[in-house]
Amino acid sequence: MRNETTGRANRMGIILQGGGALGAYEWGVLQRLYAEDWFKPEVISGVSIGAITAATIASPKCKDPVEALKTLWGALTISAPDIVPAYIQRHLAVFGSPQFYHTRHDYYAFPSWTSYYDTTPLLGLLESIVDFKALNNDTAGPQLIVTATDVVSGEITPFSNRGPYKTEITPKHILASGSLPPGFPMTEIGGRYFWDGGLFSNTPLTPVIESLDSSDDAENILIVVNLFPSRGSLPTNMMDVHSRILEITFSNKISKNVENTERINDFCQLVKAIDPVLPASVKAMEAWQNLVRYTVIGDTIYITNDGAEPAGAAMDFSAASIESRRASGFADAGAALADRPNRLAKKAAIQEQMKRVSEAMGAPRTGKATVVEAGVRERDKTA
């Protein structure tokens, strides 16, 4: 796929956050994105429920990612007769989910428990939906990246079907990414034990950016789906307190990640802008060659679930709540896409303006925005 404005090839990455039942929002977002011909992600990253979603669309057995998502969420949804009040349906997941997890019954071993549930059913669900053989084929399909937290070291561990984090992806790698304590047990892989990747970072941008093309011929697009809004309601009881803790834990890193990414992006633009005028001795330096390889992100699309969610929403797999989040994700993705042409047009105008300025100054161009462009953007904001 090529960018209609610049003519350069597009490479696209998408990051799917974790958030339990809130992940139905990502289902709706992806339904809307797949309706666009240009949506062909080459790098798909996910954490926790986002990892389950990412694996589902990266290599669906049915060959249709949208249909596979429908099957996935049909299996995760907990249905109940209409006679059951809605407020009770929202809490039925505490008793387990047939194809996701079930309660433990080995009460005699309670003193040595490290989790309240058994997630074995999820392994079977993943096997039925994801084609792991095709996923691990180096020559086909998108790159999948999922992350988990090493329980002993406390460090984030990426797993991928190709690239620097390459390993043979199995259902256990996806399960490891979603092993959120104390509800779910740690997952053992190769003698190491893992918890949910969201404990370390619920929006792991770095592995995706590293996997995108750093050449001048590529126009990189990054899509970030944020399940946890930073702002929330003041807690009025202990359940509210617990819910708000989870929201802050899993959402507060996104703003810092975005801020750092944009700062690094400006730095990358500067490096590429001055590279042509540097002496050969500087270009030959290993440190400079490493800098030039950094990736510039041409367009970043943020789609955020700003809808008000009640306490315990991440455990609410009721049919009504799942459908409501799917519909919200679909609508919010549509709004983000509707605004995209305006953003791209403004960016193209700024780049054209800076091209004329650079030509007047005799400065060479790389086809990317220069660091001066940041000043123009800031000036336009205050104009």
# chains A, B, ... in the order shown; residues from 1 in each chain; ligands from 1
call {"tool": "select_by_dssp", "arguments": {"residues": "segment 124-188 of chain A", "states": "alpha helix (DSSP H)", "output": "list in words"}}
result
Gly124, Leu125, Leu126, Glu127, Ser128, Ile129, Phe132, Lys133, Ala134, Leu135, Pro171, Lys172, His173, Ile174, Leu175, Ala176 and Ser177 of chain A
call {"tool": "write_last_selection", "arguments": {"atoms": "all heavy atoms", "output": "compact mmCIF listing (two decimals), in the first residue's frame"}}
result
# COMPACT_ATOMS: atom_id res chain seq x y z
N GLY A 124 -7.85 -24.02 24.97
CA GLY A 124 -8.66 -24.70 23.96
C GLY A 124 -9.36 -23.73 23.03
O GLY A 124 -9.45 -23.97 21.80
N LEU A 125 -9.83 -22.61 23.57
CA LEU A 125 -10.48 -21.60 22.74
C LEU A 125 -9.50 -21.02 21.71
O LEU A 125 -9.84 -20.85 20.53
CB LEU A 125 -11.05 -20.49 23.62
CG LEU A 125 -11.72 -19.32 22.88
CD1 LEU A 125 -12.90 -19.79 22.04
CD2 LEU A 125 -12.17 -18.24 23.89
N LEU A 126 -8.29 -20.73 22.16
CA LEU A 126 -7.27 -20.20 21.26
C LEU A 126 -6.94 -21.19 20.15
O LEU A 126 -6.80 -20.82 18.98
CB LEU A 126 -6.00 -19.83 22.04
CG LEU A 126 -6.10 -18.61 22.94
CD1 LEU A 126 -4.89 -18.53 23.87
CD2 LEU A 126 -6.22 -17.33 22.11
N GLU A 127 -6.82 -22.45 20.51
CA GLU A 127 -6.52 -23.48 19.50
C GLU A 127 -7.61 -23.57 18.45
O GLU A 127 -7.35 -23.84 17.28
CB GLU A 127 -6.36 -24.84 20.19
CG GLU A 127 -5.06 -25.01 20.96
CD GLU A 127 -3.90 -25.40 20.07
OE1 GLU A 127 -4.03 -25.29 18.83
OE2 GLU A 127 -2.85 -25.81 20.61
N SER A 128 -8.85 -23.32 18.84
CA SER A 128 -9.97 -23.44 17.91
C SER A 128 -10.11 -22.24 16.98
O SER A 128 -10.70 -22.35 15.91
CB SER A 128 -11.28 -23.64 18.69
OG SER A 128 -11.65 -22.45 19.39
N ILE A 129 -9.55 -21.10 17.37
CA ILE A 129 -9.73 -19.87 16.59
C ILE A 129 -8.49 -19.46 15.82
O ILE A 129 -8.57 -18.98 14.69
CB ILE A 129 -10.17 -18.71 17.53
CG1 ILE A 129 -11.56 -18.99 18.11
CG2 ILE A 129 -10.17 -17.37 16.79
CD1 ILE A 129 -12.03 -17.95 19.10
N PHE A 132 -2.08 -21.49 14.55
CA PHE A 132 -0.72 -21.25 15.04
C PHE A 132 0.34 -21.74 14.06
O PHE A 132 1.45 -21.19 14.02
CB PHE A 132 -0.54 -21.90 16.42
CG PHE A 132 -1.22 -21.15 17.53
CD1 PHE A 132 -2.50 -21.49 17.94
CD2 PHE A 132 -0.58 -20.08 18.14
CE1 PHE A 132 -3.13 -20.78 18.94
CE2 PHE A 132 -1.20 -19.37 19.14
CZ PHE A 132 -2.48 -19.71 19.55
N LYS A 133 0.03 -22.73 13.27
CA LYS A 133 0.99 -23.18 12.26
C LYS A 133 1.25 -22.09 11.24
O LYS A 133 2.40 -21.78 10.90
CB LYS A 133 0.47 -24.45 11.57
CG LYS A 133 1.45 -25.00 10.54
CD LYS A 133 0.92 -26.29 9.91
CE LYS A 133 1.89 -26.84 8.89
NZ LYS A 133 1.39 -28.11 8.27
N ALA A 134 0.18 -21.48 10.74
CA ALA A 134 0.33 -20.37 9.78
C ALA A 134 0.97 -19.16 10.45
O ALA A 134 1.77 -18.45 9.83
CB ALA A 134 -1.03 -20.01 9.20
N LEU A 135 0.63 -18.92 11.71
CA LEU A 135 1.18 -17.77 12.43
C LEU A 135 2.70 -17.84 12.51
O LEU A 135 3.38 -16.81 12.41
CB LEU A 135 0.59 -17.72 13.84
CG LEU A 135 1.07 -16.59 14.76
CD1 LEU A 135 0.64 -15.24 14.20
CD2 LEU A 135 0.51 -16.77 16.17
N PRO A 171 -0.32 -21.24 22.18
CA PRO A 171 -1.39 -20.69 23.01
C PRO A 171 -0.90 -20.23 24.38
O PRO A 171 -1.44 -19.28 24.95
CB PRO A 171 -2.37 -21.86 23.12
CG PRO A 171 -2.19 -22.62 21.85
CD PRO A 171 -0.72 -22.54 21.57
N LYS A 172 0.15 -20.87 24.90
CA LYS A 172 0.66 -20.49 26.21
C LYS A 172 1.28 -19.10 26.21
O LYS A 172 1.24 -18.40 27.23
CB LYS A 172 1.67 -21.53 26.72
CG LYS A 172 1.04 -22.87 27.10
CD LYS A 172 2.03 -23.79 27.78
CE LYS A 172 2.39 -23.31 29.18
NZ LYS A 172 3.25 -24.28 29.89
N HIS A 173 1.87 -18.68 25.10
CA HIS A 173 2.43 -17.33 25.02
C HIS A 173 1.32 -16.28 25.10
O HIS A 173 1.48 -15.24 25.73
CB HIS A 173 3.23 -17.15 23.73
CG HIS A 173 4.50 -17.95 23.70
ND1 HIS A 173 4.55 -19.24 23.23
CD2 HIS A 173 5.76 -17.64 24.11
CE1 HIS A 173 5.80 -19.70 23.32
NE2 HIS A 173 6.54 -18.74 23.85
N ILE A 174 0.20 -16.57 24.44
CA ILE A 174 -0.95 -15.66 24.49
C ILE A 174 -1.54 -15.65 25.91
O ILE A 174 -1.87 -14.59 26.46
CB ILE A 174 -2.02 -16.07 23.47
CG1 ILE A 174 -1.40 -16.29 22.09
CG2 ILE A 174 -3.11 -15.01 23.40
CD1 ILE A 174 -0.63 -15.12 21.53
N LEU A 175 -1.64 -16.83 26.49
CA LEU A 175 -2.16 -16.95 27.86
C LEU A 175 -1.26 -16.21 28.84
O LEU A 175 -1.75 -15.54 29.76
CB LEU A 175 -2.26 -18.43 28.24
CG LEU A 175 -2.74 -18.75 29.66
CD1 LEU A 175 -4.15 -18.21 29.87
CD2 LEU A 175 -2.69 -20.25 29.91
N ALA A 176 0.07 -16.32 28.66
CA ALA A 176 1.01 -15.64 29.55
C ALA A 176 0.77 -14.14 29.56
O ALA A 176 0.82 -13.49 30.62
CB ALA A 176 2.44 -15.95 29.13
N SER A 177 0.49 -13.57 28.39
CA SER A 177 0.27 -12.13 28.29
C SER A 177 -0.96 -11.69 29.07
O SER A 177 -1.07 -10.53 29.46
CB SER A 177 0.13 -11.72 26.82
OG SER A 177 -0.02 -10.33 26.70
call {"tool": "closest_residue", "arguments": {"among": "A:Ile301, A:Leu270, A:Val225, A:Ala54", "to": "Ser160 of chain A", "atoms": "only C-alpha atoms"}}
result
A:Ala54
call {"tool": "residues_around", "arguments": {"residues": "Trp27 of chain A", "least_positions_apart": "6", "cutoff": "9 Å", "atoms": "only C-alpha atoms", "output": "JSON, numbers by chain"}}
result
{"A": [53, 66, 69, 70, 73, 325, 326, 327, 329, 330]}
call {"tool": "residues_around", "arguments": {"residues": "Phe228 of chain A", "least_positions_apart": "3", "cutoff": "8 Å", "atoms": "only C-alpha atoms", "output": "VMD selection string"}}
result
chain A and resid 19 247 to 248 250 to 251 304 to 306
call {"tool": "select_by_dssp", "arguments": {"residues": "segment 116-330 of chain A", "states": "strand (DSSP E)", "output": "ChimeraX atom specification"}}
result
/A:117-118,143-150,156-160,187-189,192-196,218-226,297-304
call {"tool": "residues_around", "arguments": {"residues": "segment 137-151 of chain A", "least_positions_apart": "5", "cutoff": "7 Å", "atoms": "only C-alpha atoms", "output": "list in words"}}
result
Pro41, Glu42, Val43, Ile44, Ser45, Gly46, Val47, Ala51, Ala55, Ala58, Ile156, Thr157, Pro158, Phe159, Ser160, Asn161, Arg162, Ile174, Ala176, Ser177, Tyr193, Phe194, Trp195, Asp196, Gly197, Leu199 and Phe200 of chain A
call {"tool": "closest_residue", "arguments": {"among": "A:Cys62, A:Ser211, A:Val29, A:Phe95", "to": "Ile78 of chain A", "atoms": "only C-alpha atoms"}}
result
A:Phe95
call {"tool": "residues_around", "arguments": {"residues": "Ser328 of chain A", "least_positions_apart": "2", "cutoff": "12 Å", "atoms": "only C-alpha atoms", "output": "compact mmCIF listing (two decimals) with N, CA and C atoms, in the first residue's frame"}}
result
# COMPACT_ATOMS: atom_id res chain seq x y z
N LEU A 22 -13.34 -5.05 28.72
CA LEU A 22 -13.28 -3.79 27.97
C LEU A 22 -12.73 -4.03 26.56
N GLY A 23 -12.08 -5.18 26.36
CA GLY A 23 -11.53 -5.49 25.05
C GLY A 23 -12.57 -5.59 23.95
N ALA A 24 -13.85 -5.69 24.32
CA ALA A 24 -14.90 -5.69 23.29
C ALA A 24 -14.89 -4.38 22.51
N TYR A 25 -14.39 -3.33 23.14
CA TYR A 25 -14.23 -2.04 22.44
C TYR A 25 -13.29 -2.21 21.25
N GLU A 26 -12.21 -2.98 21.44
CA GLU A 26 -11.26 -3.24 20.35
C GLU A 26 -11.91 -4.03 19.23
N TRP A 27 -12.81 -4.92 19.59
CA TRP A 27 -13.57 -5.66 18.58
C TRP A 27 -14.29 -4.68 17.65
N GLY A 28 -14.98 -3.71 18.22
CA GLY A 28 -15.69 -2.72 17.42
C GLY A 28 -14.76 -1.85 16.59
N VAL A 29 -13.64 -1.44 17.20
CA VAL A 29 -12.64 -0.64 16.47
C VAL A 29 -12.14 -1.40 15.25
N LEU A 30 -11.81 -2.67 15.43
CA LEU A 30 -11.27 -3.46 14.32
C LEU A 30 -12.32 -3.73 13.25
N GLN A 31 -13.56 -3.92 13.65
CA GLN A 31 -14.63 -4.07 12.66
C GLN A 31 -14.64 -2.85 11.73
N ARG A 32 -14.52 -1.67 12.31
CA ARG A 32 -14.56 -0.44 11.51
C ARG A 32 -13.30 -0.29 10.66
N LEU A 227 -7.92 1.45 26.04
CA LEU A 227 -9.14 0.99 26.70
C LEU A 227 -9.45 1.73 27.99
N ILE A 303 -7.21 5.94 19.28
CA ILE A 303 -8.64 5.69 19.45
C ILE A 303 -8.86 5.29 20.90
N THR A 304 -9.57 6.14 21.66
CA THR A 304 -9.67 5.97 23.11
C THR A 304 -11.10 5.75 23.56
N ASN A 305 -11.26 4.79 24.45
CA ASN A 305 -12.56 4.51 25.06
C ASN A 305 -12.80 5.52 26.18
N ASP A 306 -13.50 6.59 25.87
CA ASP A 306 -13.79 7.63 26.86
C ASP A 306 -15.14 7.44 27.54
N GLY A 307 -15.83 6.36 27.20
CA GLY A 307 -17.15 6.13 27.78
C GLY A 307 -17.05 5.80 29.26
N ALA A 308 -18.04 6.26 30.03
CA ALA A 308 -18.07 5.99 31.46
C ALA A 308 -18.32 4.50 31.70
N GLU A 309 -17.48 3.89 32.52
CA GLU A 309 -17.63 2.49 32.85
C GLU A 309 -17.82 2.34 34.36
N SER A 321 -23.40 -5.48 27.89
CA SER A 321 -22.20 -4.65 28.04
C SER A 321 -21.21 -4.89 26.92
N ILE A 322 -21.04 -6.15 26.51
CA ILE A 322 -20.13 -6.45 25.41
C ILE A 322 -20.59 -5.77 24.13
N GLU A 323 -21.87 -5.83 23.84
CA GLU A 323 -22.40 -5.20 22.63
C GLU A 323 -22.27 -3.69 22.70
N SER A 324 -22.49 -3.11 23.87
CA SER A 324 -22.37 -1.66 24.02
C SER A 324 -20.94 -1.20 23.74
N ARG A 325 -19.96 -1.94 24.24
CA ARG A 325 -18.56 -1.56 24.02
C ARG A 325 -18.18 -1.77 22.56
N ARG A 326 -18.65 -2.85 21.95
CA ARG A 326 -18.36 -3.07 20.53
C ARG A 326 -18.89 -1.91 19.69
N PHE A 330 -16.69 0.82 17.43
CA PHE A 330 -16.98 1.01 16.01
C PHE A 330 -17.20 2.50 15.70
N ALA A 331 -17.99 3.17 16.56
CA ALA A 331 -18.30 4.59 16.33
C ALA A 331 -17.06 5.47 16.53
N ASP A 332 -16.28 5.19 17.58
CA ASP A 332 -15.09 6.01 17.85
C ASP A 332 -14.04 5.85 16.76
N ALA A 333 -13.90 4.64 16.24
CA ALA A 333 -12.96 4.42 15.14
C ALA A 333 -13.41 5.19 13.90
N GLY A 334 -14.71 5.20 13.66
CA GLY A 334 -15.23 5.95 12.52
C GLY A 334 -14.94 7.44 12.66
N ALA A 335 -15.09 7.97 13.88
CA ALA A 335 -14.81 9.39 14.11
C ALA A 335 -13.34 9.69 13.90
